[in-house]
$ cat upload_12.txt   # compact mmCIF, C-alpha atoms and all ligand atoms
# COMPACT_ATOMS: atom_id res chain seq x y z
CA MET A 1116 31.85 121.07 244.08
CA GLU A 1117 28.58 122.84 244.96
CA ILE A 1118 25.34 121.48 243.54
CA GLY A 1119 22.17 123.55 243.78
CA VAL A 1120 18.88 121.65 243.88
CA LEU A 1121 15.43 123.11 243.21
CA GLY A 1122 12.97 121.41 245.57
CA SER A 1123 13.76 119.64 248.82
CA GLY A 1124 11.58 116.57 249.30
CA GLN A 1125 12.68 113.04 250.08
CA LEU A 1126 14.34 112.67 246.69
CA GLY A 1127 16.52 115.66 247.52
CA ARG A 1128 17.25 114.23 250.96
CA MET A 1129 18.48 110.95 249.48
CA MET A 1130 20.48 112.92 246.89
CA ALA A 1131 22.18 114.93 249.65
CA LEU A 1132 23.02 111.77 251.59
CA ALA A 1133 24.55 110.27 248.44
CA GLY A 1134 26.63 113.39 247.86
CA TYR A 1135 28.41 113.49 251.23
CA PRO A 1136 30.87 110.61 250.66
CA LEU A 1137 31.96 112.17 247.36
CA GLY A 1138 32.55 115.52 249.01
CA LEU A 1139 29.78 117.09 246.92
CA ARG A 1140 28.01 119.89 248.77
CA LEU A 1141 24.31 120.16 248.04
CA ARG A 1142 22.34 123.33 248.66
CA PHE A 1143 18.56 123.33 248.30
CA PHE A 1144 16.21 126.12 247.21
CA GLU A 1145 12.96 125.74 249.10
CA CYS A 1146 10.10 127.98 250.19
CA ALA A 1147 8.83 125.79 253.05
CA ALA A 1148 10.41 126.05 256.49
CA ASP A 1149 10.79 122.36 257.16
CA SER A 1150 11.35 119.75 254.48
CA PRO A 1151 13.07 116.36 254.18
CA ALA A 1152 16.21 117.65 252.44
CA CYS A 1153 16.56 120.74 254.63
CA GLN A 1154 16.78 118.46 257.68
CA VAL A 1155 20.06 117.04 256.37
CA ALA A 1156 21.62 119.73 254.15
CA GLU A 1157 21.98 123.47 253.66
CA CYS A 1158 18.87 125.28 252.43
CA VAL A 1159 18.15 128.70 251.02
CA HIS A 1160 14.64 129.56 252.11
CA ALA A 1161 12.99 131.55 249.34
CA CYS A 1162 10.10 131.01 246.94
CA PHE A 1163 10.25 130.42 243.20
CA ASP A 1164 8.88 133.89 242.40
CA ASP A 1165 11.82 135.54 244.20
CA LEU A 1166 13.94 136.01 241.09
CA ASP A 1167 16.80 137.79 242.89
CA ALA A 1168 17.14 134.94 245.37
CA LEU A 1169 17.02 132.40 242.53
CA ALA A 1170 19.71 134.23 240.56
CA SER A 1171 22.10 134.51 243.49
CA PHE A 1172 21.44 130.85 244.41
CA ALA A 1173 22.27 129.80 240.84
CA ARG A 1174 25.41 131.96 240.66
CA GLY A 1175 26.70 130.47 243.91
CA VAL A 1176 26.86 126.84 242.72
CA ASP A 1177 28.63 124.90 239.96
CA VAL A 1178 25.48 123.27 238.62
CA VAL A 1179 21.73 123.54 239.28
CA THR A 1180 19.51 120.47 239.13
CA TYR A 1181 15.99 119.68 240.41
CA GLU A 1182 14.35 116.92 242.37
CA PHE A 1183 10.69 117.44 241.45
CA GLU A 1184 9.17 118.31 238.11
CA ASN A 1185 6.67 120.89 239.25
CA VAL A 1186 9.29 123.62 239.53
CA PRO A 1187 7.68 126.52 237.62
CA LEU A 1188 9.34 126.62 234.22
CA SER A 1189 9.94 130.38 234.49
CA ALA A 1190 11.86 129.83 237.75
CA ALA A 1191 13.91 127.00 236.25
CA ARG A 1192 14.69 129.14 233.21
CA HIS A 1193 15.83 132.01 235.42
CA ALA A 1194 18.06 129.68 237.44
CA ALA A 1195 19.47 128.21 234.22
CA GLU A 1196 20.31 131.69 232.93
CA HIS A 1197 22.39 132.44 236.02
CA ALA A 1198 23.95 129.04 236.77
CA PRO A 1199 27.20 127.81 235.20
CA ARG A 1200 25.25 124.66 234.19
CA PHE A 1201 21.63 123.41 234.45
CA ALA A 1202 20.70 119.72 234.12
CA PRO A 1203 18.55 117.87 233.13
CA PRO A 1204 17.82 120.35 230.33
CA LEU A 1205 14.92 122.82 230.47
CA ARG A 1206 13.22 121.19 227.49
CA ALA A 1207 13.10 117.90 229.40
CA LEU A 1208 11.51 119.64 232.37
CA GLU A 1209 8.92 121.23 230.08
CA MET A 1210 8.07 117.79 228.65
CA ALA A 1211 7.79 116.28 232.11
CA GLN A 1212 5.26 118.92 233.17
CA ASP A 1213 2.64 118.28 230.52
CA ARG A 1214 1.40 114.80 229.68
CA TYR A 1215 0.18 115.82 226.24
CA ILE A 1216 3.40 117.57 225.16
CA GLN A 1217 5.29 114.57 226.50
CA LYS A 1218 3.23 112.01 224.60
CA ARG A 1219 3.47 114.05 221.39
CA PHE A 1220 7.24 114.03 221.88
CA PHE A 1221 7.21 110.23 222.37
CA GLN A 1222 5.22 109.90 219.15
CA GLU A 1223 7.64 112.15 217.23
CA ILE A 1224 10.71 110.17 218.28
CA GLY A 1225 9.09 106.75 217.77
CA VAL A 1226 8.39 105.73 221.38
CA ALA A 1227 5.14 103.72 221.46
CA THR A 1228 2.33 104.93 223.75
CA ALA A 1229 -1.34 104.11 224.26
CA VAL A 1230 -3.66 105.99 221.88
CA PHE A 1231 -4.26 109.47 223.34
CA CYS A 1232 -6.14 112.69 222.53
CA PRO A 1233 -6.10 116.17 224.04
CA VAL A 1234 -9.45 117.20 225.52
CA ASN A 1235 -10.24 120.85 226.22
CA SER A 1236 -14.04 120.79 226.15
CA ARG A 1237 -17.00 118.46 226.55
CA ALA A 1238 -17.45 118.62 222.76
CA GLU A 1239 -13.92 117.25 222.28
CA LEU A 1240 -14.51 114.38 224.66
CA THR A 1241 -16.90 112.50 222.36
CA PRO A 1242 -14.52 112.15 219.37
CA ALA A 1243 -11.68 111.44 221.82
CA ILE A 1244 -13.63 108.47 223.23
CA GLU A 1245 -14.27 107.28 219.69
CA ALA A 1246 -10.52 107.34 219.07
CA THR A 1247 -9.46 105.56 222.29
CA GLY A 1248 -12.46 103.33 222.90
CA LEU A 1249 -13.52 102.43 226.44
CA PRO A 1250 -12.23 101.89 229.03
CA ALA A 1251 -10.02 104.97 228.92
CA VAL A 1252 -8.31 107.21 231.46
CA LEU A 1253 -9.01 110.93 231.61
CA LYS A 1254 -6.05 112.76 233.13
CA THR A 1255 -5.13 116.35 233.82
CA ARG A 1256 -2.26 117.38 231.56
CA ARG A 1257 -0.42 119.07 234.42
CA TRP A 1258 0.12 118.67 238.17
CA GLY A 1259 -0.92 115.05 238.25
CA TYR A 1260 1.13 112.55 240.21
CA ASP A 1261 0.53 109.55 242.43
CA GLY A 1262 -2.84 108.96 240.79
CA LYS A 1263 -4.01 112.53 241.43
CA GLY A 1264 -5.97 114.17 238.64
CA GLN A 1265 -7.08 111.05 236.82
CA VAL A 1266 -10.32 109.12 236.46
CA VAL A 1267 -11.10 105.89 234.65
CA LEU A 1268 -13.98 106.03 232.17
CA ARG A 1269 -15.33 102.51 232.05
CA GLU A 1270 -18.54 102.98 230.13
CA GLN A 1271 -20.52 105.66 228.36
CA ALA A 1272 -22.71 106.16 231.45
CA ASP A 1273 -19.63 107.44 233.38
CA VAL A 1274 -18.91 110.24 230.98
CA ASP A 1275 -21.04 113.11 232.34
CA ARG A 1276 -20.15 112.44 235.99
CA VAL A 1277 -16.44 112.25 235.20
CA TRP A 1278 -16.61 115.35 233.03
CA GLN A 1279 -18.12 117.39 235.88
CA ALA A 1280 -15.20 116.41 238.13
CA MET A 1281 -12.53 117.39 235.61
CA GLU A 1282 -14.14 120.26 233.70
CA GLY A 1283 -12.13 123.43 233.21
CA LEU A 1284 -8.70 121.80 233.19
CA PRO A 1285 -6.61 120.94 230.14
CA LEU A 1286 -6.98 117.16 229.85
CA ILE A 1287 -5.74 114.17 227.94
CA LEU A 1288 -7.73 111.01 227.29
CA GLU A 1289 -5.71 107.79 227.05
CA LYS A 1290 -6.77 104.33 226.02
CA TRP A 1291 -6.73 101.91 228.95
CA VAL A 1292 -3.81 99.51 228.51
CA PRO A 1293 -4.66 96.00 229.77
CA PHE A 1294 -1.08 95.57 230.90
CA ARG A 1295 0.50 92.37 232.15
CA ARG A 1296 2.75 94.42 234.41
CA GLU A 1297 4.26 97.87 234.90
CA LEU A 1298 7.97 98.33 234.40
CA SER A 1299 10.29 101.27 234.80
CA LEU A 1300 13.75 101.93 233.51
CA ILE A 1301 16.14 104.13 235.44
CA ALA A 1302 18.70 105.42 232.97
CA VAL A 1303 21.47 107.93 233.39
CA ARG A 1304 23.52 110.03 231.00
CA SER A 1305 26.33 112.30 232.09
CA VAL A 1306 27.21 115.71 230.74
CA ARG A 1307 30.17 113.88 229.16
CA GLY A 1308 27.74 111.71 227.16
CA GLU A 1309 28.38 108.49 229.10
CA THR A 1310 25.22 106.36 229.60
CA ARG A 1311 24.19 103.55 231.95
CA PHE A 1312 20.92 101.62 232.34
CA TYR A 1313 19.82 99.91 235.53
CA PRO A 1314 18.03 96.60 235.07
CA LEU A 1315 14.27 96.93 234.60
CA THR A 1316 12.17 97.37 237.73
CA GLU A 1317 8.70 95.88 238.12
CA ASN A 1318 6.22 98.13 239.90
CA VAL A 1319 2.89 97.51 241.61
CA HIS A 1320 0.58 100.51 242.11
CA ARG A 1321 -2.59 100.80 244.19
CA GLU A 1322 -4.87 103.84 243.90
CA GLY A 1323 -2.34 105.27 241.45
CA ILE A 1324 0.45 105.23 244.07
CA LEU A 1325 3.54 103.05 243.85
CA ARG A 1326 3.44 100.39 246.59
CA LEU A 1327 6.04 97.82 245.62
CA SER A 1328 9.06 97.65 243.33
CA ILE A 1329 10.96 94.50 242.48
CA ALA A 1330 14.37 94.58 240.85
CA PRO A 1331 15.80 93.25 238.71
CA ALA A 1332 12.41 92.50 237.14
CA PRO A 1333 12.51 89.12 235.49
CA ALA A 1334 12.76 90.17 231.85
CA SER A 1335 14.26 88.85 228.65
CA SER A 1336 17.31 90.55 227.25
CA GLY A 1337 15.11 91.54 224.30
CA LEU A 1338 12.75 93.47 226.56
CA GLU A 1339 15.66 95.12 228.40
CA GLY A 1340 17.15 96.07 225.04
CA THR A 1341 13.88 97.55 223.77
CA ALA A 1342 13.49 99.66 226.92
CA ARG A 1343 17.07 100.90 226.66
CA ALA A 1344 16.60 101.83 223.02
CA LEU A 1345 13.60 103.98 224.02
CA ALA A 1346 15.65 105.80 226.67
CA GLU A 1347 18.48 106.29 224.15
CA LYS A 1348 16.05 108.02 221.81
CA ILE A 1349 14.97 110.40 224.57
CA PHE A 1350 18.57 111.08 225.61
CA ALA A 1351 19.55 111.91 222.04
CA ALA A 1352 16.51 114.06 221.29
CA LEU A 1353 16.96 116.18 224.42
CA ASP A 1354 20.77 116.13 224.74
CA TYR A 1355 20.02 114.90 228.21
CA ALA A 1356 22.15 114.85 231.37
CA GLY A 1357 21.12 113.30 234.69
CA VAL A 1358 18.86 110.42 235.70
CA LEU A 1359 15.81 109.77 233.51
CA THR A 1360 13.00 107.44 234.52
CA LEU A 1361 10.78 105.85 231.92
CA GLU A 1362 7.55 104.28 233.21
CA MET A 1363 6.09 101.69 230.87
CA PHE A 1364 3.32 99.14 230.51
CA GLU A 1365 4.11 95.68 229.21
CA ALA A 1366 1.23 94.27 227.18
CA ASP A 1367 1.37 91.42 224.66
CA GLY A 1368 5.15 91.40 224.96
CA ARG A 1369 5.33 95.04 223.86
CA LEU A 1370 6.31 98.14 225.80
CA PHE A 1371 4.17 101.29 225.88
CA ALA A 1372 5.60 104.41 227.48
CA ASN A 1373 3.26 105.83 230.12
CA GLU A 1374 5.37 108.71 231.33
CA MET A 1375 8.87 109.92 231.92
CA ALA A 1376 10.25 111.59 235.00
CA THR A 1377 13.26 113.74 234.26
CA ARG A 1378 14.71 113.06 237.69
CA VAL A 1379 15.49 110.37 240.22
CA HIS A 1380 12.41 108.27 240.94
CA ASN A 1381 10.62 106.29 243.63
CA SER A 1382 10.92 103.11 241.56
CA GLY A 1383 14.71 103.49 241.74
CA HIS A 1384 14.99 103.63 245.54
CA TRP A 1385 16.06 99.99 245.59
CA THR A 1386 19.34 101.07 243.95
CA ILE A 1387 20.55 102.57 247.26
CA GLU A 1388 21.29 99.11 248.64
CA GLY A 1389 20.52 96.96 245.60
CA ALA A 1390 22.95 98.34 243.02
CA GLU A 1391 26.66 99.05 242.96
CA THR A 1392 25.92 102.77 242.61
CA SER A 1393 22.59 104.32 243.59
CA GLN A 1394 20.45 106.40 241.24
CA PHE A 1395 21.11 109.37 243.54
CA GLU A 1396 24.88 109.09 243.35
CA ASN A 1397 24.79 108.52 239.60
CA HIS A 1398 22.55 111.54 239.11
CA LEU A 1399 25.07 113.68 240.99
CA ARG A 1400 27.99 112.19 239.08
CA ALA A 1401 26.14 112.79 235.81
CA VAL A 1402 25.37 116.47 236.39
CA ALA A 1403 28.76 117.14 238.01
CA GLY A 1404 30.62 115.74 234.99
CA LEU A 1405 32.14 112.85 236.94
CA PRO A 1406 32.49 109.29 235.57
CA LEU A 1407 29.32 107.23 236.16
CA GLY A 1408 29.31 104.32 238.58
CA SER A 1409 28.40 100.71 237.88
CA VAL A 1410 24.66 100.01 237.76
CA ALA A 1411 25.08 96.27 238.32
CA PRO A 1412 22.51 94.85 240.78
CA ARG A 1413 23.66 93.45 244.09
CA GLY A 1414 21.37 90.43 244.38
CA CYS A 1415 17.60 90.94 244.25
CA SER A 1416 15.70 93.77 245.87
CA ALA A 1417 12.14 94.59 246.83
CA MET A 1418 11.15 98.11 247.89
CA VAL A 1419 7.94 98.79 249.82
CA ASN A 1420 6.60 102.32 250.37
CA PHE A 1421 5.13 103.52 253.67
CA ILE A 1422 2.17 105.69 252.74
CA GLY A 1423 -0.07 107.72 255.06
CA SER A 1424 1.33 106.27 258.30
CA LEU A 1425 4.56 104.73 259.48
CA PRO A 1426 5.04 101.30 261.03
CA GLU A 1427 7.17 100.84 264.15
CA SER A 1428 10.79 101.02 263.04
CA ALA A 1429 11.66 98.04 265.25
CA ALA A 1430 9.05 95.87 263.52
CA VAL A 1431 10.59 96.65 260.14
CA LEU A 1432 14.15 96.19 261.30
CA THR A 1433 13.53 92.71 262.72
CA ILE A 1434 13.10 91.44 259.15
CA PRO A 1435 16.50 90.18 258.01
CA GLY A 1436 17.94 92.03 255.04
CA THR A 1437 15.78 95.14 255.52
CA HIS A 1438 16.99 98.70 255.07
CA LEU A 1439 14.72 101.41 256.48
CA HIS A 1440 14.46 104.97 255.16
CA LEU A 1441 12.32 107.59 256.91
CA TYR A 1442 11.83 110.98 255.31
CA GLY A 1443 11.12 113.20 258.34
CA LYS A 1444 7.62 114.09 257.13
CA THR A 1445 4.40 114.62 259.08
CA PRO A 1446 1.92 111.79 258.39
CA ARG A 1447 -0.99 112.63 256.09
CA PRO A 1448 -3.26 110.33 254.06
CA ARG A 1449 -1.67 109.24 250.75
CA ARG A 1450 1.65 110.89 251.68
CA LYS A 1451 4.90 108.98 251.10
CA LEU A 1452 6.61 108.95 254.49
CA GLY A 1453 9.34 106.37 254.05
CA HIS A 1454 10.26 103.08 252.47
CA ALA A 1455 12.12 99.88 253.18
CA THR A 1456 14.23 97.84 250.82
CA LEU A 1457 14.77 94.12 251.27
CA ARG A 1458 17.80 92.63 249.64
CA ALA A 1459 18.53 88.92 249.19
CA ALA A 1460 20.59 86.60 247.05
CA SER A 1461 17.64 85.45 244.94
CA HIS A 1462 14.02 86.30 244.25
CA ALA A 1463 12.89 83.09 245.92
CA SER A 1464 14.63 83.95 249.18
CA LEU A 1465 12.94 87.36 249.24
CA THR A 1466 9.39 86.05 249.15
CA ALA A 1467 8.82 85.16 252.82
CA SER A 1468 10.37 88.36 254.19
CA LEU A 1469 8.53 90.44 251.61
CA GLY A 1470 5.18 89.06 252.79
CA ARG A 1471 6.06 90.21 256.35
CA LEU A 1472 7.19 93.63 255.18
CA LEU A 1473 4.06 94.19 253.08
CA LYS A 1474 1.86 93.30 256.08
CA ILE A 1475 3.74 95.74 258.29
CA ALA A 1476 3.32 98.42 255.61
CA GLY A 1477 -0.45 97.83 255.65
CA GLU A 1478 -0.40 96.32 252.17
CA ASP A 1479 -2.47 93.34 253.31
CA THR A 1480 -3.99 92.61 249.92
CA LEU A 1481 -0.58 92.38 248.33
CA ALA A 1482 0.81 90.43 251.29
CA GLN A 1483 -2.01 87.91 251.06
CA ASN A 1484 -1.41 87.49 247.39
CA PRO A 1485 1.90 85.67 247.21
CA ALA A 1486 0.76 84.42 243.81
CA LEU A 1487 0.98 87.96 242.49
CA ILE A 1488 4.49 88.33 243.79
CA GLU A 1489 5.53 84.89 242.65
CA THR A 1490 4.11 85.52 239.21
CA SER A 1491 6.37 88.49 238.91
CA TRP A 1492 9.33 86.41 240.00
CA ALA A 1493 8.46 83.76 237.47
CA GLY A 1494 8.36 86.35 234.68
P1 LIG B 1501 0.29 107.99 235.99
O1 LIG B 1501 -0.08 109.13 236.90
O2 LIG B 1501 0.05 108.28 234.54
O3 LIG B 1501 1.67 107.49 236.27
O4 LIG B 1501 -0.69 106.79 236.37
C1 LIG B 1501 -0.66 106.17 237.63
C2 LIG B 1501 -1.04 104.71 237.49
O5 LIG B 1501 -2.37 104.59 236.95
C3 LIG B 1501 -0.16 103.94 236.52
O6 LIG B 1501 1.03 103.54 237.13
C4 LIG B 1501 -1.09 102.78 236.18
O7 LIG B 1501 -1.15 101.83 237.23
C5 LIG B 1501 -2.44 103.46 236.06
N1 LIG B 1501 -2.65 103.94 234.67
C6 LIG B 1501 -2.42 105.20 234.21
N2 LIG B 1501 -2.69 105.29 232.89
C7 LIG B 1501 -3.10 104.08 232.48
C8 LIG B 1501 -3.52 103.53 231.22
N3 LIG B 1501 -3.58 104.28 230.10
N4 LIG B 1501 -3.85 102.22 231.19
C9 LIG B 1501 -3.80 101.45 232.30
N5 LIG B 1501 -3.43 101.91 233.52
C10 LIG B 1501 -3.08 103.20 233.63

$ encode --input "upload_12.txt" --output "structure tokens"
Amino acid sequence: MEIGVLGSGQLGRMMALAGYPLGLRLRFFECAADSPACQVAECVHACFDDLDALASFARGVDVVTYEFENVPLSAARHAAEHAPRFAPPLRALEMAQDRYIQKRFFQEIGVATAVFCPVNSRAELTPAIEATGLPAVLKTRRWGYDGKGQVVLREQADVDRVWQAMEGLPLILEKWVPFRRELSLIAVRSVRGETRFYPLTENVHREGILRLSIAPAPASSGLEGTARALAEKIFAALDYAGVLTLEMFEADGRLFANEMATRVHNSGHWTIEGAETSQFENHLRAVAGLPLGSVAPRGCSAMVNFIGSLPESAAVLTIPGTHLHLYGKTPRPRRKLGHATLRAASHASLTASLGRLLKIAGEDTLAQNPALIETSWAG
């Protein structure tokens, strides 16, 4: 079976690597000459405005999927018109591209979020602040990821300065959630309607970028059940197929949806070694119409991102239980270049090695804060 993928970053690379053992052939559509997925799989080099190239790419595969959500909607629609199948659905991609549309959708289907308001002018900002209170987060509706395009408004005195930085873009103001922790749920639904839910993952961000994921997150079955019910609502409303990631805040024992990614996700990288079937393989199975694989965890995992620069591979690999993934990217500040996953029999036995790995990754503050890590273990 041939699977066409729009985009070709590290998520695509890991998807391609997961497809090989199943005999699935992945072909990527990518404008750039060199990219992580094109280093390991076949690529068609063309840009998203080349509609003829898109159409022939789509006609030449059994299903088209995507590995990043900023594929222009018009290009995705054109591919969908010419492909035998397109998944996850276009409507899901549209939701993923606009924070406001997405949060309205959450509201409509009964998924709790922080209070939010659209903001299109300075005049709209004042009533929006009255609705959310301060602190609040002002975010661009589109093109924001890894903390890009968002500023925290702590007090009234910040407002004019922050407005000048964001003016001219469609924005959304969200109430600041004083969360106890951030959790994500990686869920998958196949074109046959079969669903699976990985155990919850606990995530630690710094400067808006994911640094550390721990899975399974210590969580009650009630919390797991609530998160799954939210994903079920999204699946049903969108007639979804593929992997879906739901990023949430836990506050006062409640879950608030922050955002959804209609694709495989950084907080699910631990599943490569830490689950019976990885998110990448299950995404491929889901869109290809194959039975889904078990999502049972294999022990406990911690995933640490390498951002901006890479450590010596040998230093990482001396840590027992470590699995190293490098994406073949040129180092740049704030760029995700690779990750390592530590796997162990229990959370407690991960702690010492995780401290070493975090130090090597340059996450000294986290490494020197075993209490933070142990708190997450303790639940
Ligand atoms: P996002 O781009 O929306 O995923 O935000 C990146 C990170 O910023 C989140 O993972 C949180 O750590 C933080 N953040 C974003 N929105 C909020 C909010 N409303 N309340 C508290 N923290 C937030």

$ atom_distance --input "upload_12.txt" --atom1 "CA of Leu1132 in chain A" --atom2 "CA of Ala1170 in chain A"
25.2 Å

$ closest_atom_pairs --input "upload_12.txt" --of "chain A" --to "ligand LIG 1501 (chain B)" --cutoff "10 Å" --atoms "only C-alpha atoms and all ligand atoms" --output "CSV"
residue,atom,partner,partner_atom,distance
A:Arg1214,CA,B:LIG1501,O2,8.2
A:Thr1228,CA,B:LIG1501,N3,8.7
A:Ala1229,CA,B:LIG1501,N3,6.3
A:Val1230,CA,B:LIG1501,N3,8.4
A:Phe1231,CA,B:LIG1501,N3,8.5
A:Thr1247,CA,B:LIG1501,N3,9.9
A:Pro1250,CA,B:LIG1501,N4,8.7
A:Ala1251,CA,B:LIG1501,N3,6.6
A:Val1252,CA,B:LIG1501,N3,5.7
A:Leu1253,CA,B:LIG1501,N2,8.6
A:Lys1254,CA,B:LIG1501,O2,7.7
A:Thr1255,CA,B:LIG1501,O1,9.3
A:Arg1256,CA,B:LIG1501,O2,9.9
A:Trp1258,CA,B:LIG1501,O1,9.6
A:Gly1259,CA,B:LIG1501,O1,6.1
A:Tyr1260,CA,B:LIG1501,O1,4.9
A:Asp1261,CA,B:LIG1501,O1,5.6
A:Gly1262,CA,B:LIG1501,C1,4.7
A:Lys1263,CA,B:LIG1501,O1,6.9
A:Gly1264,CA,B:LIG1501,O1,7.9
A:Gln1265,CA,B:LIG1501,O1,7.3
A:Val1266,CA,B:LIG1501,C6,9.1
A:Val1267,CA,B:LIG1501,C7,8.5
A:Leu1288,CA,B:LIG1501,N3,8.4
A:Glu1289,CA,B:LIG1501,N3,5.1
A:Lys1290,CA,B:LIG1501,N3,5.2
A:Trp1291,CA,B:LIG1501,N4,3.7
A:Val1292,CA,B:LIG1501,N4,3.8
A:Pro1293,CA,B:LIG1501,C9,6.1
A:Phe1294,CA,B:LIG1501,C9,6.6
A:Arg1296,CA,B:LIG1501,O7,8.8
A:Glu1297,CA,B:LIG1501,O6,6.9
A:Leu1298,CA,B:LIG1501,O6,9.1
A:Ser1299,CA,B:LIG1501,O6,9.8
A:Asn1318,CA,B:LIG1501,O6,8.0
A:Val1319,CA,B:LIG1501,O7,7.4
A:His1320,CA,B:LIG1501,O7,5.3
A:Arg1321,CA,B:LIG1501,O7,7.2
A:Glu1322,CA,B:LIG1501,O5,7.4
A:Gly1323,CA,B:LIG1501,C2,4.2
A:Ile1324,CA,B:LIG1501,C1,6.6
A:Leu1325,CA,B:LIG1501,O6,7.2
A:Glu1362,CA,B:LIG1501,O3,7.4
A:Met1363,CA,B:LIG1501,O6,8.3
A:Phe1364,CA,B:LIG1501,C9,7.7
A:Phe1371,CA,B:LIG1501,N3,9.3
A:Ala1372,CA,B:LIG1501,N3,9.5
A:Asn1373,CA,B:LIG1501,O2,6.0
A:Glu1374,CA,B:LIG1501,O2,6.2
A:Met1375,CA,B:LIG1501,O3,8.8
A:Ala1376,CA,B:LIG1501,O3,9.6

$ atom_distance --input "upload_12.txt" --atom1 "CA of Leu1188 in chain A" --atom2 "CA of Ser1382 in chain A"
24.7 Å

$ closest_residue --input "upload_12.txt" --among "A:Leu1126, A:Ala1272, A:Leu1300, A:Ala1202" --to "Glu1347 in chain A" --atoms "all atoms listed in the file"
A:Leu1300

$ atom_distance --input "upload_12.txt" --atom1 "CA of Met1130 in chain A" --atom2 "CA of Arg1174 in chain A"
20.6 Å

$ closest_residue --input "upload_12.txt" --among "A:Ala1173, A:Ala1147, A:Leu1407, A:Ala1476" --to "Glu1391 in chain A" --atoms "all atoms listed in the file"
A:Leu1407

$ residues_around --input "upload_12.txt" --residues "Thr1456 in chain A" --least-positions-apart "4" --cutoff "7 Å" --atoms "all atoms listed in the file" --output "mmCIF file with C-alpha atoms, keeping the file's coordinate frame"
data_model
loop_
_atom_site.group_PDB
_atom_site.id
_atom_site.type_symbol
_atom_site.label_atom_id
_atom_site.label_comp_id
_atom_site.auth_asym_id
_atom_site.auth_seq_id
_atom_site.Cartn_x
_atom_site.Cartn_y
_atom_site.Cartn_z
ATOM 1 C CA TRP A 1385 16.060 99.990 245.590
ATOM 2 C CA SER A 1416 15.700 93.770 245.870
ATOM 3 C CA ALA A 1417 12.140 94.590 246.830
ATOM 4 C CA MET A 1418 11.150 98.110 247.890
ATOM 5 C CA VAL A 1419 7.940 98.790 249.820
ATOM 6 C CA THR A 1437 15.780 95.140 255.520
ATOM 7 C CA HIS A 1438 16.990 98.700 255.070
ATOM 8 C CA LEU A 1439 14.720 101.410 256.480
#

$ closest_residue --input "upload_12.txt" --among "A:Gly1337, A:Pro1314, A:Gly1357, A:Gly1368" --to "Gly1414 in chain A" --atoms "all atoms listed in the file"
A:Pro1314
